[in-house]
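Chemist: Take a look at the following structure, please.
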Amino acid sequence: MTDAFHDHSNDPAPQEAHAQTVSPKALGITLILMVLGVLAVIFILIAYFDNFMSNYHAEINETTAISGPTWEAKQTSLQSLNTYGWVNNTTAHQPIDNAVEQVITEYASN
């Protein structure tokens, strides 16, 4: 369906311009609906974010689920630092306390 602008003859008389008659009421209602829509989206996002952060803080503070892999890696590292063993075929490691004492003794003698 076309508007009256497209239904004209070859008559050179001026044609009615598009949107020449604007409804201020329709524009006002559209503006109000858009503002209310944006505010509704903002409030929904705020509620979602608050809920998400509450759950996130509860998970961090009340469980050990997040720190589990880090705890295991720390225990493995501490075990490695406090025992004797082989790093590869040519390098051995010793407890960190012994290594610190050896370095201090070596620097003290120089």
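Here, A, B, ... name the chains of the structure tokens in the order displayed, residue numbers run from 1 inside each chain, and ligands are numbered from 1 in the same displayed order.
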If you run DSSP on the backbone, which residues of chain A are strand (DSSP E or B), as JSON, numbers by chain?
Modeler: {"A": [85, 86, 92, 93]}
Chemist: What residues in range 5-104 of chain A get the DSSP label alpha helix (DSSP H)? Please answer as a ChimeraX atom specification.
Modeler: /A:24-62,68-81,96-104
Chemist: CA of Phe49 in chain A and CA of Val35 in chain A, how far apart in Å?
Modeler: 21.0 Å
Chemist: What separation in Å, quoted to one decimal, exists between CA of Ser77 in chain A and CA of Ile96 in chain A?
Modeler: 11.2 Å
Chemist: Can you work out the spacing between CA of Thr76 in chain A and CA of His93 in chain A in Å, to one decimal?
Modeler: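 Computing the Euclidean distance for CA of Thr76 in chain A and CA of His93 in chain A yields 14.3 Å.
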Chemist: Which polymer residues have any atom within 9 Å of an atom of Gln94 in chain A, counting only C-alpha atoms, with same-chain residues fewer than 6 positions away left out, as a PDB file with C-alpha atoms, in the first residue's frame?
Modeler:
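See result.pdb below for the written result:
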```pdb
ATOM      1  CA  SER A  80      58.082 -30.487  46.582  1.00  0.00           C
ATOM      2  CA  LEU A  81      59.726 -27.679  48.602  1.00  0.00           C
ATOM      3  CA  ASN A  82      60.030 -29.796  51.746  1.00  0.00           C
ATOM      4  CA  THR A  83      61.391 -33.063  50.325  1.00  0.00           C
ATOM      5  CA  TYR A  84      64.369 -34.435  48.489  1.00  0.00           C
ATOM      6  CA  GLY A  85      63.866 -35.577  44.912  1.00  0.00           C
ATOM      7  CA  TRP A  86      64.828 -35.363  41.277  1.00  0.00           C
TER       8      TRP A  86
END
```
Chemist: Pick from A:Leu78, A:Ser109, A:Ile60, A:Pro69: nearest to Asp97 in chain A, with only C-alpha atoms counted?
Modeler: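 Closest candidate: A:Leu78.
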